[in-house]
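To start, the structure under review is shown below, and the notes come after it.
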Amino acid sequence: MPLLPIVHAPAYDAGFAPGHRFPMGKYTRLMELIGETGLGSAADFHAPAPASAEWLALAHHRTYVDQVLGCSVPALIEREIGFQVDERVSLRARLATAGTVMAARLALSEGLACNTAGGSHHARRAQGAGFCTFNDVAVAAHLLLADGHAGRVLVIDLDVHQGDGTAEICAGTAAIRTVSMHGEKNYPVRKQVSSIDVALPDGVRDDAYLETLDWLLPRTIEGFSPDLVFYNAGVDPHESDRLGRLSLSDEGLRRRDRRVFSFFRERGIPVASVLGGGYSHDIDALARRHLITFETASQFI
């Protein structure tokens, strides 16, 4: 039986205090649940090494890269990110980015792979923002293009927030198509222009969301044949999410993930899944929503 490649590093959890606005503990709890539910026995685990400055500079200005690596990010940018960039956060950002690169390479060889972090889609070329330090998907996409492992890359972002940083970094790169389906009135206030944007009103429930996704998926590859898909599987469209403003159920998230994985895998297109957003003070409930993506992915390996 094929095993699902899962990329993880314990330092994905930078050890924020309980109750912090960013639920850092979800990374540790997710891995515990993968083991507790038996999914771990059906997985092949991989651990990344921190991303190099050279990798990071493919998507970010070198000045900002050096600030993060040197833990000298200006206070104004730290406020936009939402937390201080200390040694643990800097390491976490480098590991999560390398984890997405590793997941992409594993997907190219195995068909599907999942990173237990990543999806930091608000980080822009010149700075981080919105709990995102480095834009792991943008870095990985540019690296795969640069080293010749992919000729065209598709990013499908179903986090509830627009992938504004990914759109900004990848704008003008014809080999990368960015697709974002998000809450129209949610963060960020100033949206960027993705290759395809679908803005949803507040309160959308399962059936309407999935009907829209069914319309969207064929359009993601219309006139574009990707060698790899990055899937941002944020669970913040969930009805109980603290920041989401949409109303998907657990089953709605499961049906969403199933549609994405099945659509691309049936066409022989590799998929690298990244964790994306999800916000709750109940870390266990939040981690269980993220677990849905991994359980669903294991059915398509």
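In the structure tokens, each chain is lettered A, B, ... as it comes, each chain's residues begin at 1, and ligands are numbered from 1 in order of appearance.
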Give me the residues of region 69-168 of chain A that have any atom at most 10 Å from an atom of region 225-234 of chain A; for each, the nearest atom pair and the distance in Å, rounded to one decimal. Use only C-alpha atoms, sort by chain and number, and format it as JSON lines.
```
{"residue": "A:Thr100", "atom": "CA", "partner": "A:Phe230", "partner_atom": "CA", "distance": 9.0}
{"residue": "A:Ala103", "atom": "CA", "partner": "A:Phe230", "partner_atom": "CA", "distance": 9.4}
{"residue": "A:Ala104", "atom": "CA", "partner": "A:Phe230", "partner_atom": "CA", "distance": 7.6}
{"residue": "A:Arg105", "atom": "CA", "partner": "A:Leu228", "partner_atom": "CA", "distance": 9.4}
{"residue": "A:Ala107", "atom": "CA", "partner": "A:Leu228", "partner_atom": "CA", "distance": 7.8}
{"residue": "A:Leu108", "atom": "CA", "partner": "A:Leu228", "partner_atom": "CA", "distance": 7.0}
{"residue": "A:Gly111", "atom": "CA", "partner": "A:Leu228", "partner_atom": "CA", "distance": 9.1}
{"residue": "A:Leu112", "atom": "CA", "partner": "A:Val229", "partner_atom": "CA", "distance": 9.5}
{"residue": "A:Ala113", "atom": "CA", "partner": "A:Phe230", "partner_atom": "CA", "distance": 9.9}
{"residue": "A:Cys114", "atom": "CA", "partner": "A:Tyr231", "partner_atom": "CA", "distance": 9.3}
{"residue": "A:Gly118", "atom": "CA", "partner": "A:Asn232", "partner_atom": "CA", "distance": 8.1}
{"residue": "A:Gly119", "atom": "CA", "partner": "A:Asn232", "partner_atom": "CA", "distance": 5.6}
{"residue": "A:Ser120", "atom": "CA", "partner": "A:Asn232", "partner_atom": "CA", "distance": 9.0}
{"residue": "A:His121", "atom": "CA", "partner": "A:Asn232", "partner_atom": "CA", "distance": 8.7}
{"residue": "A:Val137", "atom": "CA", "partner": "A:Phe230", "partner_atom": "CA", "distance": 7.1}
{"residue": "A:Ala138", "atom": "CA", "partner": "A:Phe230", "partner_atom": "CA", "distance": 9.7}
{"residue": "A:Ala140", "atom": "CA", "partner": "A:Phe230", "partner_atom": "CA", "distance": 9.3}
{"residue": "A:Ala141", "atom": "CA", "partner": "A:Phe230", "partner_atom": "CA", "distance": 8.4}
{"residue": "A:Leu144", "atom": "CA", "partner": "A:Leu228", "partner_atom": "CA", "distance": 9.5}
{"residue": "A:His149", "atom": "CA", "partner": "A:Asp227", "partner_atom": "CA", "distance": 8.7}
{"residue": "A:Ala150", "atom": "CA", "partner": "A:Asp227", "partner_atom": "CA", "distance": 5.7}
{"residue": "A:Gly151", "atom": "CA", "partner": "A:Asp227", "partner_atom": "CA", "distance": 6.5}
{"residue": "A:Arg152", "atom": "CA", "partner": "A:Pro226", "partner_atom": "CA", "distance": 4.8}
{"residue": "A:Val153", "atom": "CA", "partner": "A:Pro226", "partner_atom": "CA", "distance": 5.0}
{"residue": "A:Leu154", "atom": "CA", "partner": "A:Val229", "partner_atom": "CA", "distance": 4.7}
{"residue": "A:Val155", "atom": "CA", "partner": "A:Phe230", "partner_atom": "CA", "distance": 4.7}
{"residue": "A:Ile156", "atom": "CA", "partner": "A:Tyr231", "partner_atom": "CA", "distance": 5.1}
{"residue": "A:Asp157", "atom": "CA", "partner": "A:Asn232", "partner_atom": "CA", "distance": 4.6}
{"residue": "A:Leu158", "atom": "CA", "partner": "A:Ala233", "partner_atom": "CA", "distance": 5.8}
{"residue": "A:Asp159", "atom": "CA", "partner": "A:Gly234", "partner_atom": "CA", "distance": 4.1}
{"residue": "A:Val160", "atom": "CA", "partner": "A:Gly234", "partner_atom": "CA", "distance": 7.0}
{"residue": "A:His161", "atom": "CA", "partner": "A:Gly234", "partner_atom": "CA", "distance": 8.9}
{"residue": "A:Gly163", "atom": "CA", "partner": "A:Asn232", "partner_atom": "CA", "distance": 9.2}
```
Would you put the residues from that selection into a file with C-alpha atoms, as an mmCIF file, in the first residue's frame?
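Listing of selection-v9.cif after writing:
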```
data_model
loop_
_atom_site.group_PDB
_atom_site.id
_atom_site.type_symbol
_atom_site.label_atom_id
_atom_site.label_comp_id
_atom_site.auth_asym_id
_atom_site.auth_seq_id
_atom_site.Cartn_x
_atom_site.Cartn_y
_atom_site.Cartn_z
ATOM 1 C CA THR A 100 6.896 23.146 1.238
ATOM 2 C CA ALA A 103 6.552 18.451 -0.249
ATOM 3 C CA ALA A 104 6.651 19.777 -3.816
ATOM 4 C CA ARG A 105 9.565 17.539 -4.760
ATOM 5 C CA ALA A 107 4.672 15.276 -4.968
ATOM 6 C CA LEU A 108 6.532 15.331 -8.269
ATOM 7 C CA GLY A 111 1.965 12.205 -7.008
ATOM 8 C CA LEU A 112 0.875 13.756 -3.710
ATOM 9 C CA ALA A 113 2.522 15.064 -0.554
ATOM 10 C CA CYS A 114 1.498 17.181 2.435
ATOM 11 C CA GLY A 118 3.060 26.362 5.091
ATOM 12 C CA GLY A 119 0.510 28.404 3.238
ATOM 13 C CA SER A 120 1.932 31.705 4.508
ATOM 14 C CA HIS A 121 0.290 33.556 1.656
ATOM 15 C CA VAL A 137 4.623 28.551 -1.785
ATOM 16 C CA ALA A 138 6.037 31.485 -3.764
ATOM 17 C CA ALA A 140 8.961 26.836 -3.734
ATOM 18 C CA ALA A 141 7.290 27.706 -7.045
ATOM 19 C CA LEU A 144 11.124 24.575 -8.999
ATOM 20 C CA HIS A 149 11.873 20.568 -12.019
ATOM 21 C CA ALA A 150 8.692 22.255 -13.241
ATOM 22 C CA GLY A 151 7.834 24.343 -16.281
ATOM 23 C CA ARG A 152 4.425 25.571 -15.084
ATOM 24 C CA VAL A 153 3.010 25.773 -11.562
ATOM 25 C CA LEU A 154 -0.565 26.268 -10.378
ATOM 26 C CA VAL A 155 -1.414 27.649 -6.940
ATOM 27 C CA ILE A 156 -4.975 27.019 -5.772
ATOM 28 C CA ASP A 157 -5.627 28.836 -2.516
ATOM 29 C CA LEU A 158 -8.807 27.951 -0.616
ATOM 30 C CA ASP A 159 -7.844 29.640 2.635
ATOM 31 C CA VAL A 160 -10.646 32.059 3.597
ATOM 32 C CA HIS A 161 -8.272 35.015 3.149
ATOM 33 C CA GLY A 163 -3.553 34.933 -1.182
#
```
Inset, instruction - Write out as a ChimeraX atom specification which residues come within 7 Å of region 128-131 of chain A when counting only C-alpha atoms, dropping same-chain ones fewer than 4 positions away. - result: /A:77,80-82,122-124
The selected residues should be written to file as a CSV table (one decimal), in the first residue's frame (atoms: C-alpha atoms).
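Contents of result.csv, as written:
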```csv
chain,number,residue,atom,x,y,z
A,77,ILE,CA,6.8,45.1,9.9
A,80,GLU,CA,2.0,43.8,10.4
A,81,ILE,CA,3.1,40.2,10.8
A,82,GLY,CA,1.4,40.0,14.2
A,122,HIS,CA,0.2,37.1,3.0
A,123,ALA,CA,4.0,37.5,3.0
A,124,ARG,CA,4.9,39.9,0.2
```
What's the 7 Å shell around region 193-204 of chain A, counting only C-alpha atoms, without same-chain residues fewer than 2 positions away, as a PDB file with N, CA and C atoms, in the first residue's frame?
```pdb
ATOM      1  N   ALA A 167      -0.049  36.419  -4.890  1.00  0.00           N
ATOM      2  CA  ALA A 167      -0.408  37.116  -6.124  1.00  0.00           C
ATOM      3  C   ALA A 167       0.598  38.205  -6.446  1.00  0.00           C
ATOM      4  N   ARG A 177       0.417  30.280 -12.279  1.00  0.00           N
ATOM      5  CA  ARG A 177      -0.968  30.754 -12.248  1.00  0.00           C
ATOM      6  C   ARG A 177      -1.455  30.719 -10.804  1.00  0.00           C
ATOM      7  N   THR A 178      -1.935  31.847 -10.315  1.00  0.00           N
ATOM      8  CA  THR A 178      -2.424  31.935  -8.933  1.00  0.00           C
ATOM      9  C   THR A 178      -3.943  32.018  -8.940  1.00  0.00           C
ATOM     10  N   VAL A 179      -4.578  31.180  -8.130  1.00  0.00           N
ATOM     11  CA  VAL A 179      -6.034  31.117  -8.019  1.00  0.00           C
ATOM     12  C   VAL A 179      -6.402  31.236  -6.550  1.00  0.00           C
ATOM     13  N   SER A 180      -7.298  32.159  -6.233  1.00  0.00           N
ATOM     14  CA  SER A 180      -7.700  32.365  -4.842  1.00  0.00           C
ATOM     15  C   SER A 180      -9.219  32.459  -4.753  1.00  0.00           C
ATOM     16  N   MET A 181      -9.812  31.598  -3.909  1.00  0.00           N
ATOM     17  CA  MET A 181     -11.245  31.687  -3.596  1.00  0.00           C
ATOM     18  C   MET A 181     -11.353  32.015  -2.118  1.00  0.00           C
ATOM     19  N   HIS A 182     -11.920  33.166  -1.808  1.00  0.00           N
ATOM     20  CA  HIS A 182     -11.788  33.717  -0.462  1.00  0.00           C
ATOM     21  C   HIS A 182     -13.012  34.560  -0.093  1.00  0.00           C
ATOM     22  N   GLY A 183     -13.067  34.961   1.170  1.00  0.00           N
ATOM     23  CA  GLY A 183     -14.121  35.840   1.638  1.00  0.00           C
ATOM     24  C   GLY A 183     -13.908  37.262   1.143  1.00  0.00           C
ATOM     25  N   GLU A 184     -14.915  37.801   0.485  1.00  0.00           N
ATOM     26  CA  GLU A 184     -14.796  39.124  -0.132  1.00  0.00           C
ATOM     27  C   GLU A 184     -14.494  40.219   0.886  1.00  0.00           C
ATOM     28  N   LYS A 191      -7.014  43.981  -1.598  1.00  0.00           N
ATOM     29  CA  LYS A 191      -6.723  42.738  -2.291  1.00  0.00           C
ATOM     30  C   LYS A 191      -5.738  42.987  -3.439  1.00  0.00           C
ATOM     31  N   ASP A 206     -22.011  24.994   2.908  1.00  0.00           N
ATOM     32  CA  ASP A 206     -21.384  23.910   2.146  1.00  0.00           C
ATOM     33  C   ASP A 206     -21.804  23.860   0.685  1.00  0.00           C
ATOM     34  N   ALA A 208     -23.361  25.854  -1.479  1.00  0.00           N
ATOM     35  CA  ALA A 208     -23.021  26.972  -2.363  1.00  0.00           C
ATOM     36  C   ALA A 208     -21.517  27.049  -2.586  1.00  0.00           C
ATOM     37  N   TYR A 209     -20.749  26.786  -1.537  1.00  0.00           N
ATOM     38  CA  TYR A 209     -19.289  26.812  -1.650  1.00  0.00           C
ATOM     39  C   TYR A 209     -18.819  25.740  -2.625  1.00  0.00           C
ATOM     40  N   ARG A 245     -15.674  33.877   8.884  1.00  0.00           N
ATOM     41  CA  ARG A 245     -16.871  34.544   8.348  1.00  0.00           C
ATOM     42  C   ARG A 245     -17.586  33.746   7.271  1.00  0.00           C
ATOM     43  N   LEU A 246     -17.113  32.533   6.949  1.00  0.00           N
ATOM     44  CA  LEU A 246     -17.882  31.615   6.121  1.00  0.00           C
ATOM     45  C   LEU A 246     -18.458  30.531   7.037  1.00  0.00           C
ATOM     46  N   SER A 247     -19.184  29.567   6.456  1.00  0.00           N
ATOM     47  CA  SER A 247     -19.950  28.641   7.305  1.00  0.00           C
ATOM     48  C   SER A 247     -19.867  27.200   6.834  1.00  0.00           C
TER      49      SER A 247
END
```
Legend entry - Nearest-residue call for Ile269 (chain A), choices A:Arg190, A:Phe224, A:Leu69, A:Glu54, using only C-alpha atoms: A:Phe224
So that I can check the secondary structure, give me every residue of region 209-263 of chain A assigned helix (DSSP H, G or I) by backbone DSSP, as a tab-separated table (two decimals) with N, CA and C atoms, in the first residue's frame.
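What ended up in result34.tsv:
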```tsv
chain	number	residue	atom	x	y	z
A	209	TYR	N	-20.75	26.79	-1.54
A	209	TYR	CA	-19.29	26.81	-1.65
A	209	TYR	C	-18.82	25.74	-2.62
A	210	LEU	N	-19.33	24.53	-2.47
A	210	LEU	CA	-18.88	23.42	-3.30
A	210	LEU	C	-19.35	23.57	-4.75
A	211	GLU	N	-20.51	24.16	-4.95
A	211	GLU	CA	-20.98	24.44	-6.30
A	211	GLU	C	-20.03	25.43	-7.00
A	212	THR	N	-19.59	26.43	-6.25
A	212	THR	CA	-18.64	27.40	-6.80
A	212	THR	C	-17.31	26.73	-7.10
A	213	LEU	N	-16.85	25.86	-6.20
A	213	LEU	CA	-15.59	25.15	-6.43
A	213	LEU	C	-15.68	24.25	-7.66
A	214	ASP	N	-16.81	23.59	-7.85
A	214	ASP	CA	-16.99	22.75	-9.03
A	214	ASP	C	-16.90	23.58	-10.32
A	215	TRP	N	-17.39	24.80	-10.25
A	215	TRP	CA	-17.28	25.71	-11.40
A	215	TRP	C	-15.83	26.15	-11.60
A	216	LEU	N	-15.12	26.37	-10.50
A	216	LEU	CA	-13.78	26.93	-10.56
A	216	LEU	C	-12.72	25.94	-11.03
A	217	LEU	N	-12.78	24.72	-10.55
A	217	LEU	CA	-11.67	23.78	-10.78
A	217	LEU	C	-11.31	23.61	-12.26
A	218	PRO	N	-12.27	23.40	-13.16
A	218	PRO	CA	-11.87	23.28	-14.58
A	218	PRO	C	-11.21	24.54	-15.12
A	219	ARG	N	-11.58	25.68	-14.58
A	219	ARG	CA	-11.02	26.95	-15.06
A	219	ARG	C	-9.57	27.16	-14.60
A	220	THR	N	-9.17	26.45	-13.57
A	220	THR	CA	-7.79	26.61	-13.09
A	220	THR	C	-6.78	26.09	-14.09
A	250	ASP	N	-17.53	20.47	9.04
A	250	ASP	CA	-16.44	19.50	8.89
A	250	ASP	C	-16.60	18.72	7.59
A	251	GLU	N	-17.83	18.28	7.32
A	251	GLU	CA	-18.07	17.51	6.11
A	251	GLU	C	-17.87	18.37	4.87
A	252	GLY	N	-18.19	19.65	4.97
A	252	GLY	CA	-17.94	20.55	3.85
A	252	GLY	C	-16.47	20.66	3.54
A	253	LEU	N	-15.64	20.76	4.58
A	253	LEU	CA	-14.19	20.79	4.36
A	253	LEU	C	-13.71	19.48	3.73
A	254	ARG	N	-14.25	18.37	4.20
A	254	ARG	CA	-13.84	17.06	3.66
A	254	ARG	C	-14.21	16.95	2.18
A	255	ARG	N	-15.40	17.39	1.84
A	255	ARG	CA	-15.85	17.33	0.45
A	255	ARG	C	-15.04	18.29	-0.42
A	256	ARG	N	-14.67	19.44	0.14
A	256	ARG	CA	-13.80	20.37	-0.58
A	256	ARG	C	-12.47	19.73	-0.91
A	257	ASP	N	-11.82	19.15	0.11
A	257	ASP	CA	-10.50	18.54	-0.11
A	257	ASP	C	-10.59	17.38	-1.09
A	258	ARG	N	-11.65	16.59	-0.97
A	258	ARG	CA	-11.81	15.46	-1.88
A	258	ARG	C	-11.93	15.93	-3.33
A	259	ARG	N	-12.67	17.00	-3.54
A	259	ARG	CA	-12.81	17.54	-4.89
A	259	ARG	C	-11.47	17.99	-5.45
A	260	VAL	N	-10.69	18.69	-4.65
A	260	VAL	CA	-9.41	19.21	-5.13
A	260	VAL	C	-8.46	18.06	-5.47
A	261	PHE	N	-8.28	17.16	-4.52
A	261	PHE	CA	-7.34	16.05	-4.75
A	261	PHE	C	-7.78	15.18	-5.94
A	262	SER	N	-9.07	14.86	-6.00
A	262	SER	CA	-9.53	13.97	-7.07
A	262	SER	C	-9.44	14.65	-8.43
A	263	PHE	N	-9.76	15.94	-8.49
A	263	PHE	CA	-9.72	16.64	-9.79
A	263	PHE	C	-8.33	16.58	-10.40
```
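Summary of the local environment: counting only C-alpha atoms, residues at most 7 Å from Tyr12 (chain A), other than itself and those fewer than 6 positions away along its chain, are Tyr27, Arg92, Leu95, Ala96 and Ala117 of chain A.
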Restricted to N, CA and C atoms, what would the selected residues look like written as a PDB file, in the first residue's frame?
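New file result.pdb:
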```
ATOM      1  N   TYR A  27       0.224  22.949  15.324  1.00  0.00           N
ATOM      2  CA  TYR A  27       1.176  22.126  14.575  1.00  0.00           C
ATOM      3  C   TYR A  27       1.581  20.890  15.373  1.00  0.00           C
ATOM      4  N   ARG A  92      11.420  28.735  12.433  1.00  0.00           N
ATOM      5  CA  ARG A  92      10.154  28.165  11.990  1.00  0.00           C
ATOM      6  C   ARG A  92       9.846  28.561  10.550  1.00  0.00           C
ATOM      7  N   LEU A  95      12.114  26.658   8.166  1.00  0.00           N
ATOM      8  CA  LEU A  95      11.751  25.244   8.096  1.00  0.00           C
ATOM      9  C   LEU A  95      10.447  25.031   7.334  1.00  0.00           C
ATOM     10  N   ALA A  96       9.450  25.861   7.596  1.00  0.00           N
ATOM     11  CA  ALA A  96       8.163  25.709   6.919  1.00  0.00           C
ATOM     12  C   ALA A  96       8.319  25.905   5.420  1.00  0.00           C
ATOM     13  N   ALA A 117       2.819  22.360   7.728  1.00  0.00           N
ATOM     14  CA  ALA A 117       2.854  23.814   7.917  1.00  0.00           C
ATOM     15  C   ALA A 117       2.728  24.429   6.525  1.00  0.00           C
TER      16      ALA A 117
END
```
Legend entry - Closest of A:Leu91, A:Ala43, A:Leu58, A:Leu33 to Arg289 (chain A) - atom-to-atom distances counting only C-alpha atoms: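 For Arg289 (chain A), the nearest of the given residues is A:Leu33.
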Inset, instruction - Quote the spacing between CA of Thr166 (chain A) and CA of Ala47 (chain A) in Å to one decimal place. - result: 24.4 Å
Legend entry - Residue nearest Arg88 (chain A) among A:Val271, A:Ile301, A:Cys170, A:Cys71 (counting only C-alpha atoms): A:Cys71
Inset, instruction - Find the distance between CA of Ala51 (chain A) and CA of Gly15 (chain A) and write it in Å to one decimal. - result: 20.0 Å
Inset, instruction - Name the closest residue to Gln84 (chain A) among the candidates A:Thr133, A:Gln127, A:Ser41, A:Thr28; distances are taken between atoms, counting only C-alpha atoms. - result: A:Thr133
Inset, instruction - Using only C-alpha atoms, pick whichever of A:Gln192, A:Asn115, A:Ser109, A:Thr97 has the shortest atom-to-atom distance to Asn135 (chain A). - result: A:Thr97
Inset, instruction - From region 9-203 of chain A, collect each residue whose DSSP state is strand (DSSP E or B) and return the set as a list of chain:residue names. - result: A:Ala43, A:Asp44, A:Phe45, A:His46, A:Leu112, A:Ala113, A:Cys114, A:Asn115, A:Ala129, A:Cys132, A:Val153, A:Leu154, A:Val155, A:Ile156, A:Asp157, A:Ile176, A:Arg177, A:Thr178, A:Val179, A:Ser180, A:Met181, A:His182, A:Gly183, A:Ile196, A:Asp197, A:Val198, A:Ala199, A:Leu200
Inset, instruction - Figure out the distance between CA of Phe294 (chain A) and CA of Thr37 (chain A), please, to one decimal in Å. - result: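 The value is 11.1 Å.
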